[in-house]
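Dumped target34.txt below, it's compact mmCIF, C-alpha atoms and all ligand atoms:
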# COMPACT_ATOMS: atom_id res chain seq x y z
CA MET I 147 170.61 -63.62 119.02
CA THR I 148 169.82 -63.44 115.38
CA PRO I 149 166.35 -62.91 113.99
CA PRO I 150 164.51 -65.96 112.72
CA VAL I 151 165.46 -66.89 109.21
CA MET I 152 162.78 -68.34 107.05
CA ALA I 153 163.61 -71.21 104.83
CA ALA I 154 163.32 -69.99 101.27
CA PRO I 155 160.56 -71.92 99.59
CA PRO I 156 161.25 -73.45 96.25
CA VAL I 157 159.88 -70.97 93.74
CA SER I 158 159.47 -71.74 90.09
CA PRO I 159 161.07 -69.34 87.64
CA ALA I 160 159.08 -66.10 87.58
CA PRO I 161 157.10 -65.35 84.48
CA ALA I 162 157.71 -62.27 82.43
CA ASP I 163 156.95 -59.01 84.26
CA PRO I 164 153.17 -58.66 83.97
CA ALA I 165 153.65 -54.95 83.29
CA THR I 166 155.63 -55.82 80.18
CA PRO I 167 153.35 -55.96 77.18
CA THR I 168 153.14 -59.50 75.84
CA PRO I 169 154.51 -59.64 72.33
CA ALA I 170 151.86 -60.42 69.81
CA GLY I 171 151.47 -64.14 69.40
CA ALA I 172 153.51 -64.98 72.52
CA GLN I 173 152.06 -67.58 74.88
CA GLN I 174 150.70 -65.94 78.06
CA ARG I 175 151.30 -67.77 81.32
CA PRO I 176 147.85 -68.55 82.65
CA HIS I 177 146.52 -68.71 86.15
CA GLY I 178 149.34 -66.77 87.87
CA GLN I 179 151.86 -69.49 87.02
CA GLY I 180 155.22 -68.92 88.70
CA ARG I 181 154.07 -66.14 91.00
CA PRO I 182 154.91 -66.75 94.68
CA CYS I 183 152.25 -67.22 97.31
CA VAL I 184 151.92 -68.56 100.86
CA ILE I 185 149.08 -70.93 101.71
CA THR I 186 147.98 -72.29 105.08
CA ARG I 187 146.24 -75.49 106.01
CA ARG I 188 144.70 -76.34 109.38
CA ALA I 189 144.63 -79.79 110.92
CA ALA I 190 143.47 -81.03 114.30
CA PHE I 191 144.27 -84.02 116.47
CA SER I 192 143.76 -85.05 120.09
CA ALA I 193 146.61 -86.54 122.07
CA SER I 194 147.74 -87.08 125.63
CA HIS I 195 151.11 -86.49 127.25
CA ARG I 196 152.86 -86.50 130.58
CA TYR I 197 155.81 -84.44 131.80
CA TRP I 198 157.98 -86.90 133.68
CA LEU I 199 161.76 -87.16 133.51
CA PRO I 200 163.07 -90.54 134.74
CA GLU I 201 166.29 -88.95 136.04
CA LEU I 202 164.26 -86.87 138.52
CA SER I 203 162.62 -88.14 141.70
CA PRO I 204 158.80 -88.10 141.97
CA GLU I 205 159.11 -85.03 144.21
CA GLN I 206 161.36 -83.24 141.72
CA ASN I 207 159.02 -84.04 138.82
CA GLN I 208 156.07 -82.75 140.84
CA ALA I 209 157.94 -79.59 141.82
CA ARG I 210 159.07 -78.88 138.28
CA PHE I 211 156.03 -79.83 136.22
CA GLY I 212 153.15 -79.58 138.70
CA PRO I 213 149.94 -81.29 137.58
CA CYS I 214 151.50 -82.04 134.16
CA SER I 215 153.53 -84.72 135.97
CA LEU I 216 150.47 -86.64 137.19
CA ALA I 217 150.05 -90.23 135.98
CA PRO I 218 148.82 -91.41 133.61
CA GLY I 219 148.83 -88.01 131.86
CA HIS I 220 146.29 -85.64 130.39
CA GLY I 221 145.26 -84.59 126.92
CA HIS I 222 144.70 -81.67 124.58
CA ASN I 223 142.81 -80.98 121.40
CA TYR I 224 145.72 -79.70 119.32
CA GLU I 225 145.28 -77.43 116.33
CA LEU I 226 148.05 -77.24 113.76
CA ILE I 227 148.45 -74.50 111.15
CA VAL I 228 150.88 -75.31 108.36
CA ALA I 229 152.13 -72.42 106.18
CA MET I 230 153.68 -73.34 102.85
CA GLY I 231 155.14 -71.20 100.11
CA GLY I 232 156.02 -71.48 96.49
CA GLY I 233 155.27 -70.41 92.96
CA LEU I 234 151.88 -71.14 91.48
CA ASP I 235 151.67 -74.06 89.11
CA ALA I 236 149.82 -74.07 85.80
CA ASP I 237 146.61 -74.89 87.69
CA GLY I 238 146.91 -71.73 89.79
CA MET I 239 147.92 -73.53 92.97
CA VAL I 240 151.03 -73.56 95.16
CA LEU I 241 150.31 -77.21 95.87
CA ASN I 242 147.44 -79.49 95.21
CA LEU I 243 145.43 -79.31 98.41
CA SER I 244 144.57 -83.00 98.40
CA GLU I 245 148.31 -83.76 98.48
CA VAL I 246 148.75 -81.29 101.36
CA LYS I 247 145.92 -82.91 103.31
CA HIS I 248 147.31 -86.35 102.59
CA ALA I 249 150.84 -85.43 103.72
CA ILE I 250 149.63 -83.86 106.98
CA ARG I 251 147.35 -86.80 107.71
CA GLU I 252 149.95 -89.45 106.89
CA GLN I 253 152.88 -87.79 108.63
CA VAL I 254 151.14 -86.19 111.62
CA SER I 255 147.47 -86.46 112.48
CA ALA I 256 146.92 -90.14 111.69
CA GLN I 257 150.00 -91.00 113.75
CA LEU I 258 149.17 -88.79 116.75
CA ASP I 259 145.37 -88.68 116.96
CA PHE I 260 144.08 -90.43 120.09
CA ARG I 261 147.63 -91.50 121.00
CA CYS I 262 149.93 -90.74 123.90
CA LEU I 263 152.74 -88.49 122.64
CA ASN I 264 155.30 -89.99 125.05
CA ASP I 265 154.75 -93.42 123.47
CA VAL I 266 154.06 -92.83 119.81
CA TRP I 267 157.14 -90.97 118.52
CA PRO I 268 160.71 -91.91 119.55
CA GLU I 269 161.51 -88.17 119.84
CA PHE I 270 159.51 -88.25 123.09
CA ASP I 271 160.77 -91.56 124.49
CA LEU I 272 162.37 -90.29 127.68
CA GLN I 273 164.22 -93.54 128.31
CA ARG I 274 166.48 -92.50 125.42
CA PRO I 275 169.09 -89.89 126.35
CA GLU I 276 168.04 -87.78 123.34
CA GLY I 277 164.34 -88.03 124.26
CA MET I 278 162.50 -84.76 124.91
CA LEU I 279 159.34 -83.95 126.86
CA PRO I 280 156.42 -83.53 124.45
CA THR I 281 155.84 -79.83 125.10
CA THR I 282 154.01 -77.64 122.60
CA GLU I 283 157.25 -76.26 121.15
CA ALA I 284 159.00 -79.65 121.06
CA LEU I 285 155.99 -81.16 119.32
CA ALA I 286 155.91 -78.30 116.79
CA LEU I 287 159.60 -78.93 115.99
CA ALA I 288 159.06 -82.69 115.68
CA ILE I 289 156.14 -82.04 113.31
CA TRP I 290 158.33 -79.66 111.27
CA ARG I 291 160.96 -82.38 110.87
CA ARG I 292 158.38 -84.92 109.76
CA LEU I 293 156.60 -82.62 107.31
CA ALA I 294 159.62 -80.81 105.83
CA PRO I 295 160.61 -83.66 103.46
CA HIS I 296 157.08 -83.61 102.02
CA LEU I 297 155.93 -79.96 101.97
CA PRO I 298 157.61 -76.57 101.28
CA LEU I 299 157.16 -75.35 104.85
CA MET I 300 157.34 -71.66 105.76
CA GLY I 301 156.12 -71.89 109.34
CA LEU I 302 154.12 -74.01 111.74
CA ARG I 303 151.84 -72.90 114.51
CA LEU I 304 150.69 -75.48 117.04
CA HIS I 305 147.92 -74.57 119.50
CA GLU I 306 147.82 -76.70 122.62
CA THR I 307 144.93 -74.59 123.94
CA ASP I 308 143.35 -71.23 123.08
CA SER I 309 145.85 -69.62 125.42
CA LEU I 310 149.08 -71.46 124.56
CA TRP I 311 150.72 -71.98 121.20
CA ALA I 312 154.16 -72.40 119.64
CA ASP I 313 155.58 -71.28 116.30
CA VAL I 314 158.57 -72.75 114.52
CA LEU I 315 160.00 -71.25 111.37
CA GLY I 316 162.67 -73.74 110.43
CA ASP I 317 164.56 -76.88 111.37
CA SER I 318 166.33 -75.33 114.32
CA MET I 319 165.89 -75.52 118.06
CA GLU I 320 164.56 -71.95 118.06
CA ALA I 321 160.86 -71.57 118.76
CA PHE I 322 158.35 -68.90 119.71
CA LEU I 323 155.95 -69.57 122.55
CA THR I 324 152.87 -67.45 123.16
CA ILE I 325 150.66 -67.34 126.22
CA ARG I 326 147.37 -65.48 126.30
CA THR I 327 145.80 -64.04 129.41
CA HIS I 328 143.39 -61.22 130.19
CA PHE I 329 142.60 -58.43 132.59
CA ALA I 330 139.79 -55.92 132.96
CA ALA I 331 140.61 -52.26 133.53
CA ALA I 332 139.24 -48.76 133.13
CA HIS I 333 141.07 -45.82 131.61
CA ARG I 334 140.59 -42.29 130.40
CA LEU I 335 142.45 -40.90 127.41
CA ALA I 336 143.32 -37.28 128.06
CA ARG I 337 146.48 -35.23 128.34
CA PRO I 338 146.34 -33.29 131.61
CA GLU I 339 148.01 -30.22 130.10
CA LEU I 340 145.22 -29.83 127.53
CA SER I 341 141.73 -28.37 127.91
CA VAL I 342 138.57 -30.48 127.94
CA GLU I 343 137.81 -29.27 124.41
CA GLN I 344 141.27 -30.10 123.13
CA ASN I 345 141.19 -33.59 124.66
CA ASP I 346 137.73 -34.14 123.24
CA ALA I 347 139.01 -33.17 119.79
CA ILE I 348 141.85 -35.70 120.03
CA TYR I 349 140.37 -38.62 121.95
CA GLY I 350 136.60 -38.22 121.44
CA LYS I 351 134.45 -40.31 123.77
CA CYS I 352 137.59 -41.83 125.30
CA ALA I 353 138.26 -38.44 126.94
CA ARG I 354 134.99 -38.42 128.93
CA PRO I 355 135.89 -37.41 132.49
CA HIS I 356 134.93 -40.55 134.41
CA GLY I 357 136.59 -43.10 132.14
CA HIS I 358 135.38 -46.35 130.64
CA GLY I 359 136.64 -49.93 130.65
CA HIS I 360 137.78 -52.86 128.54
CA ASN I 361 138.36 -56.56 128.88
CA TYR I 362 141.92 -56.62 127.63
CA LEU I 363 143.35 -59.74 126.00
CA LEU I 364 147.10 -59.95 126.42
CA GLU I 365 149.39 -62.17 124.36
CA VAL I 366 153.03 -62.49 125.36
CA THR I 367 155.39 -64.15 122.86
CA VAL I 368 158.85 -65.29 123.91
CA ARG I 369 161.61 -66.59 121.67
CA GLY I 370 164.23 -69.07 122.75
CA SER I 371 166.07 -72.26 122.15
CA ILE I 372 164.24 -75.49 122.96
CA ASP I 373 166.00 -77.33 125.76
CA PRO I 374 166.96 -80.75 124.37
CA ARG I 375 165.66 -82.56 127.45
CA SER I 376 162.82 -80.50 128.94
CA GLY I 377 161.56 -79.53 125.47
CA MET I 378 160.91 -76.00 126.74
CA VAL I 379 162.09 -72.57 125.56
CA CYS I 380 161.59 -71.45 129.15
CA ASP I 381 159.84 -72.60 132.28
CA LEU I 382 156.20 -72.09 131.30
CA ALA I 383 154.88 -72.04 134.86
CA ALA I 384 157.48 -69.41 135.78
CA LEU I 385 156.53 -67.34 132.72
CA HIS I 386 152.85 -67.45 133.76
CA ARG I 387 153.82 -66.44 137.28
CA ARG I 388 155.87 -63.46 136.10
CA VAL I 389 153.10 -62.21 133.79
CA ASP I 390 150.56 -62.59 136.60
CA GLU I 391 152.73 -60.84 139.20
CA LEU I 392 153.93 -57.98 137.00
CA VAL I 393 150.90 -57.30 134.81
CA VAL I 394 147.67 -59.11 135.55
CA GLU I 395 147.61 -58.62 139.33
CA PRO I 396 148.59 -54.93 139.32
CA PHE I 397 146.39 -54.04 136.29
CA ASP I 398 143.26 -56.16 136.78
CA HIS I 399 140.16 -54.33 138.06
CA THR I 400 141.94 -50.98 138.28
CA PHE I 401 141.48 -47.51 136.90
CA LEU I 402 144.80 -47.45 135.09
CA ASN I 403 145.25 -43.65 135.21
CA LYS I 404 144.93 -43.62 139.00
CA ASP I 405 146.05 -47.06 140.14
CA VAL I 406 149.12 -47.74 138.01
CA ALA I 407 151.81 -45.14 138.67
CA HIS I 408 153.16 -45.17 135.11
CA PHE I 409 149.83 -43.93 133.75
CA ALA I 410 149.66 -40.94 136.06
CA THR I 411 151.88 -39.22 133.50
CA THR I 412 151.45 -41.36 130.37
CA VAL I 413 148.15 -41.53 128.47
CA PRO I 414 147.01 -45.18 128.78
CA THR I 415 146.29 -45.81 125.12
CA ALA I 416 146.45 -49.46 124.04
CA GLU I 417 149.83 -48.62 122.48
CA ASN I 418 151.20 -47.19 125.72
CA ILE I 419 149.84 -50.05 127.81
CA ALA I 420 151.45 -52.59 125.45
CA LEU I 421 154.77 -50.70 125.54
CA HIS I 422 154.68 -50.54 129.34
CA ILE I 423 153.95 -54.27 129.56
CA ALA I 424 156.89 -54.96 127.22
CA ASP I 425 159.13 -52.80 129.45
CA LEU I 426 157.93 -54.64 132.55
CA LEU I 427 158.49 -58.11 131.07
CA SER I 428 161.71 -57.80 129.04
CA ALA I 429 164.18 -58.34 131.89
CA PRO I 430 162.16 -61.03 133.72
CA VAL I 431 161.77 -63.03 130.49
CA ALA I 432 165.53 -62.72 129.89
CA GLU I 433 166.08 -64.10 133.41
CA LEU I 434 164.06 -67.16 132.37
CA GLY I 435 166.50 -67.75 129.51
CA ALA I 436 164.34 -66.50 126.63
CA ALA I 437 163.80 -63.19 124.82
CA LEU I 438 160.57 -61.21 124.96
CA HIS I 439 159.63 -61.14 121.27
CA LYS I 440 156.21 -59.53 121.15
CA VAL I 441 153.42 -58.13 123.29
CA ARG I 442 150.00 -57.95 121.71
CA LEU I 443 147.24 -56.18 123.57
CA GLN I 444 143.72 -56.46 122.23
CA GLU I 445 141.52 -53.76 123.66
CA SER I 446 138.31 -54.65 121.86
CA PRO I 447 137.33 -56.90 118.97
CA ASN I 448 138.18 -53.97 116.72
CA ASN I 449 141.56 -52.75 117.91
CA ALA I 450 144.85 -54.14 119.13
CA ALA I 451 148.38 -52.87 119.64
CA GLU I 452 151.52 -54.94 119.00
CA VAL I 453 154.98 -54.16 120.31
CA PHE I 454 157.94 -56.02 118.90
CA ALA I 455 160.11 -56.01 121.96
CA GLU I 456 163.30 -57.03 120.19
CA VAL I 457 163.43 -53.70 118.35
CA PRO I 458 165.80 -52.62 116.93
CA GLN I 459 166.99 -56.17 116.40
CA LEU I 460 163.96 -57.24 114.43
CA GLY I 461 162.81 -53.78 113.43
CA MET I 462 159.14 -52.95 113.30
CA ARG I 463 158.49 -55.25 110.38
CA PRO I 464 156.15 -58.06 111.32
CA GLN I 465 158.06 -61.19 110.47
CA ALA I 466 157.03 -64.62 109.36
CA LEU I 467 154.83 -65.17 112.39
CA GLU I 468 152.42 -62.73 110.83
CA ALA I 469 151.92 -65.06 107.91
CA LEU I 470 150.28 -67.34 110.44
CA ALA I 471 148.42 -64.77 112.49
CA GLY I 472 145.25 -64.74 110.45
CA ALA I 473 145.22 -68.47 109.95
ZN ZN C 1 149.50 -80.72 128.65
ZN ZN C 2 139.24 -47.31 125.92

Would you mind writing the structure in this file as structure tokens?
Ligand SMILES: [Zn+2]
Ligand SMILES: [Zn+2]
Amino acid sequence: MTPPVMAAPPVSPAPADPATPTPAGAQQRPHGQGRPCVITRRAAFSASHRYWLPELSPEQNQARFGPCSLAPGHGHNYELIVAMGGGLDADGMVLNLSEVKHAIREQVSAQLDFRCLNDVWPEFDLQRPEGMLPTTEALALAIWRRLAPHLPLMGLRLHETDSLWADVLGDSMEAFLTIRTHFAAAHRLARPELSVEQNDAIYGKCARPHGHGHNYLLEVTVRGSIDPRSGMVCDLAALHRRVDELVVEPFDHTFLNKDVAHFATTVPTAENIALHIADLLSAPVAELGAALHKVRLQESPNNAAEVFAEVPQLGMRPQALEALAGA
């Protein structure tokens, strides 16, 4: 599969190189005019949905979508982050923010807020053969298609909850889906072949002999093609199950160095734990029809490790998703 390609934003002609001395008397471009920049805007709406395919029996819907199939549906407080790019105008802005707010309200939030997604947009009318279930990733794509004629989109991130969100980077069926979970574990950072003094010099307090613990936050991002009917890049319930079975259950409430065989010989730094999780999940995610894109392990509010699991395909360069990460 190819790496995501960002749509090139329309960029006004660049001004003269700022390092070039301005000739005496020449007009200087004020306010950064022409220089490229990415801006983000957040919007929120509340909507309900139901996962129910008319071609399946009630039992099949229940088996496939679990409680998401229950009538009359359930709701979420969605949060949308819109990233837009372009050259600054003469007022020092990529876009006038009031126009951005207006476009997002008109095209998205005013249409969806307090509505049922299955009813409000024809994209999600499942009586139509081209109708799709209103999953997070399908909704992100539908929002992209509605906003793209109005705004120079770079990327969209749609949070369904704090622990589930989707990113789309263009008008294609490809989407990124991230789930967040957590586990608590103890570890000790020390290389067994080194002396206490040497380990102390390298790892400091983390080398203390009886270990210490963290509440780890784990984010798993998969990349895949949105199924035109189920609206899913992969079976979300199955993804949760695999992450629980392979990572959360074996790691939670353990002393990693002693209880997880891999860390008997590998120092369980956040980096090594994230790499091990990526190794554990790559093949199972592929079996679900998606690609493991990224594992992010946050050890404390102050440090996190990220592994781009598609290396060397995507290289170690954080891609466009990172433009949204701090939003
Ligand atoms: Zn839902
Ligand atoms: Zn630690």

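Closest to I:Leu434 among I:Met278, I:Ala336, I:Ala383, I:Ala331 is I:Ala383, based on only C-alpha atoms.
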
(message) Restricting the calculation to all atoms listed in the file: of I:Thr282, I:Thr400, I:Ser192, I:Asn361, which residue gets closest to ligand ZN 2 (chain C)?
(response) I:Asn361

(request) List all protein, DNA and RNA residues that have at least one atom no more than 10 Å from any atom of ligand ZN 1 (chain C), counting all atoms listed in the file, and write them as an NGL selection string. (result) :I and (193-197 or 213-215 or 219-223 or 280-282 or 306-307)

Can I get the selected residues back with C-alpha atoms, as a PDB file, in the coordinates of the input?
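That gives us out34.pdb:
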ATOM      1  CA  ALA I 193     146.610 -86.540 122.070  1.00  0.00           C
ATOM      2  CA  SER I 194     147.740 -87.080 125.630  1.00  0.00           C
ATOM      3  CA  HIS I 195     151.110 -86.490 127.250  1.00  0.00           C
ATOM      4  CA  ARG I 196     152.860 -86.500 130.580  1.00  0.00           C
ATOM      5  CA  TYR I 197     155.810 -84.440 131.800  1.00  0.00           C
ATOM      6  CA  PRO I 213     149.940 -81.290 137.580  1.00  0.00           C
ATOM      7  CA  CYS I 214     151.500 -82.040 134.160  1.00  0.00           C
ATOM      8  CA  SER I 215     153.530 -84.720 135.970  1.00  0.00           C
ATOM      9  CA  GLY I 219     148.830 -88.010 131.860  1.00  0.00           C
ATOM     10  CA  HIS I 220     146.290 -85.640 130.390  1.00  0.00           C
ATOM     11  CA  GLY I 221     145.260 -84.590 126.920  1.00  0.00           C
ATOM     12  CA  HIS I 222     144.700 -81.670 124.580  1.00  0.00           C
ATOM     13  CA  ASN I 223     142.810 -80.980 121.400  1.00  0.00           C
ATOM     14  CA  PRO I 280     156.420 -83.530 124.450  1.00  0.00           C
ATOM     15  CA  THR I 281     155.840 -79.830 125.100  1.00  0.00           C
ATOM     16  CA  THR I 282     154.010 -77.640 122.600  1.00  0.00           C
ATOM     17  CA  GLU I 306     147.820 -76.700 122.620  1.00  0.00           C
ATOM     18  CA  THR I 307     144.930 -74.590 123.940  1.00  0.00           C
TER      19      THR I 307
END

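Neighbours of ligand ZN 2 (chain C) at a cut-off of 8 Å, computed so that all atoms listed in the file are counted, are the residues Ala332, His333, Arg334, Leu335, Cys352, Gly357, His358, Gly359, His360, Thr415, Ala416 and Glu445 of chain I.
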
(request) Please provide as a list in words all residues within 9 Å of I:Phe322, with the sequence filter that same-chain residues fewer than 3 positions apart are discarded (counting only C-alpha atoms). (result) Glu283, Trp311, Ala312, Asp313, Val314, Leu315, Thr367, Val368, Arg369, Gly370, Ser371, Val379, His439 and Leu467 of chain I

(request) Tell me which protein, DNA and RNA residues are within 12 Å of I:Arg291, counting only C-alpha atoms, leaving out same-chain ones fewer than 6 positions away, and put them as a ChimeraX atom specification. (result) /I:253-254,269,284-285,297-299,301-302,314-319

(request) Give me, please, the distance in Å between atom CA of I:Pro414 and atom CA of I:Asn449, quoted to one decimal. (result)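 These two atoms are separated by 14.3 Å.
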
(request) Point out the residue among I:Val342, I:Val184, I:Ala436, I:Ala217 with the least atom-to-atom distance to I:Asp381, counting all atoms listed in the file. (result) I:Ala436

(request) Rank nothing, just name the residue among I:Leu304, I:Leu243, I:Ala455, I:Asp271 nearest to I:Ala432, using only C-alpha atoms. (result)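 Going through I:Leu304, I:Leu243, I:Ala455, I:Asp271 one by one, the smallest distance to I:Ala432 is for I:Ala455.
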
(request) Choose the residue, out of I:Glu201, I:Ala321, I:Arg292, I:Tyr224, that has the smallest atom-to-atom separation from I:Ile250; count all atoms listed in the file. (result)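 Counting all atoms listed in the file, the residue closest to I:Ile250 is I:Arg292.
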
(message) I need the residue nearest I:Cys380 from this list: I:Leu279, I:Ala437, I:Ile348, I:Leu340. Use all atoms listed in the file for the distance.
(response) I:Ala437

Within 10 Å of file point (147.9, -41.1, 131.4), counting all atoms listed in the file, expressed as a PDB file with C-alpha atoms, in the coordinates of the input:
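Once written, selection.pdb looks like this:
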ATOM      1  CA  HIS I 333     141.070 -45.820 131.610  1.00  0.00           C
ATOM      2  CA  ARG I 334     140.590 -42.290 130.400  1.00  0.00           C
ATOM      3  CA  LEU I 335     142.450 -40.900 127.410  1.00  0.00           C
ATOM      4  CA  ALA I 336     143.320 -37.280 128.060  1.00  0.00           C
ATOM      5  CA  ARG I 337     146.480 -35.230 128.340  1.00  0.00           C
ATOM      6  CA  PRO I 338     146.340 -33.290 131.610  1.00  0.00           C
ATOM      7  CA  LEU I 402     144.800 -47.450 135.090  1.00  0.00           C
ATOM      8  CA  ASN I 403     145.250 -43.650 135.210  1.00  0.00           C
ATOM      9  CA  LYS I 404     144.930 -43.620 139.000  1.00  0.00           C
ATOM     10  CA  VAL I 406     149.120 -47.740 138.010  1.00  0.00           C
ATOM     11  CA  ALA I 407     151.810 -45.140 138.670  1.00  0.00           C
ATOM     12  CA  HIS I 408     153.160 -45.170 135.110  1.00  0.00           C
ATOM     13  CA  PHE I 409     149.830 -43.930 133.750  1.00  0.00           C
ATOM     14  CA  ALA I 410     149.660 -40.940 136.060  1.00  0.00           C
ATOM     15  CA  THR I 411     151.880 -39.220 133.500  1.00  0.00           C
ATOM     16  CA  THR I 412     151.450 -41.360 130.370  1.00  0.00           C
ATOM     17  CA  VAL I 413     148.150 -41.530 128.470  1.00  0.00           C
ATOM     18  CA  PRO I 414     147.010 -45.180 128.780  1.00  0.00           C
ATOM     19  CA  THR I 415     146.290 -45.810 125.120  1.00  0.00           C
ATOM     20  CA  ASN I 418     151.200 -47.190 125.720  1.00  0.00           C
ATOM     21  CA  ILE I 419     149.840 -50.050 127.810  1.00  0.00           C
TER      22      ILE I 419
END

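Distance-wise, atom CA of I:Lys247 and atom CA of I:Thr186 end up 11.0 Å apart.
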
(request) Could you tell me how far atom CA of I:Val240 lies from atom CA of I:Met300, in Å and to one decimal? (result) 12.5 Å

(request) May I have the residues within 8 Å of I:His328 as a list in words, using all atoms listed in the file and disregarding those fewer than 6 positions away in the same chain? (result)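 Contacts, with the query itself left out: Asn361, Tyr362, Leu363, Leu364 and Val394 of chain I.
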
Please write a file for stretch 212-234 of chain I, taken from the block I just shared, that holds C-alpha atoms and is laid out as a PDB file, in the first residue's frame.
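Output file decode_33.pdb is given in full below:
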ATOM      1  CA  GLY I 212     -23.246  -5.976  19.259  1.00  0.00           C
ATOM      2  CA  PRO I 213     -24.921  -3.223  21.285  1.00  0.00           C
ATOM      3  CA  CYS I 214     -24.385  -0.748  18.403  1.00  0.00           C
ATOM      4  CA  SER I 215     -27.215  -2.613  16.639  1.00  0.00           C
ATOM      5  CA  LEU I 216     -29.784  -1.908  19.369  1.00  0.00           C
ATOM      6  CA  ALA I 217     -32.858   0.131  18.416  1.00  0.00           C
ATOM      7  CA  PRO I 218     -33.396   3.003  18.323  1.00  0.00           C
ATOM      8  CA  GLY I 219     -29.655   3.763  18.460  1.00  0.00           C
ATOM      9  CA  HIS I 220     -27.289   5.614  20.739  1.00  0.00           C
ATOM     10  CA  GLY I 221     -25.362   8.857  20.578  1.00  0.00           C
ATOM     11  CA  HIS I 222     -21.959  10.482  20.893  1.00  0.00           C
ATOM     12  CA  ASN I 223     -20.571  13.921  21.520  1.00  0.00           C
ATOM     13  CA  TYR I 224     -18.372  14.186  18.439  1.00  0.00           C
ATOM     14  CA  GLU I 225     -15.374  16.470  18.233  1.00  0.00           C
ATOM     15  CA  LEU I 226     -14.062  17.468  14.823  1.00  0.00           C
ATOM     16  CA  ILE I 227     -10.627  18.949  14.133  1.00  0.00           C
ATOM     17  CA  VAL I 228     -10.241  20.506  10.697  1.00  0.00           C
ATOM     18  CA  ALA I 229      -6.692  21.212   9.446  1.00  0.00           C
ATOM     19  CA  MET I 230      -6.355  23.647   6.565  1.00  0.00           C
ATOM     20  CA  GLY I 231      -3.319  24.928   4.729  1.00  0.00           C
ATOM     21  CA  GLY I 232      -2.367  27.762   2.483  1.00  0.00           C
ATOM     22  CA  GLY I 233      -0.375  30.925   2.061  1.00  0.00           C
ATOM     23  CA  LEU I 234      -1.034  33.853   4.345  1.00  0.00           C
TER      24      LEU I 234
END
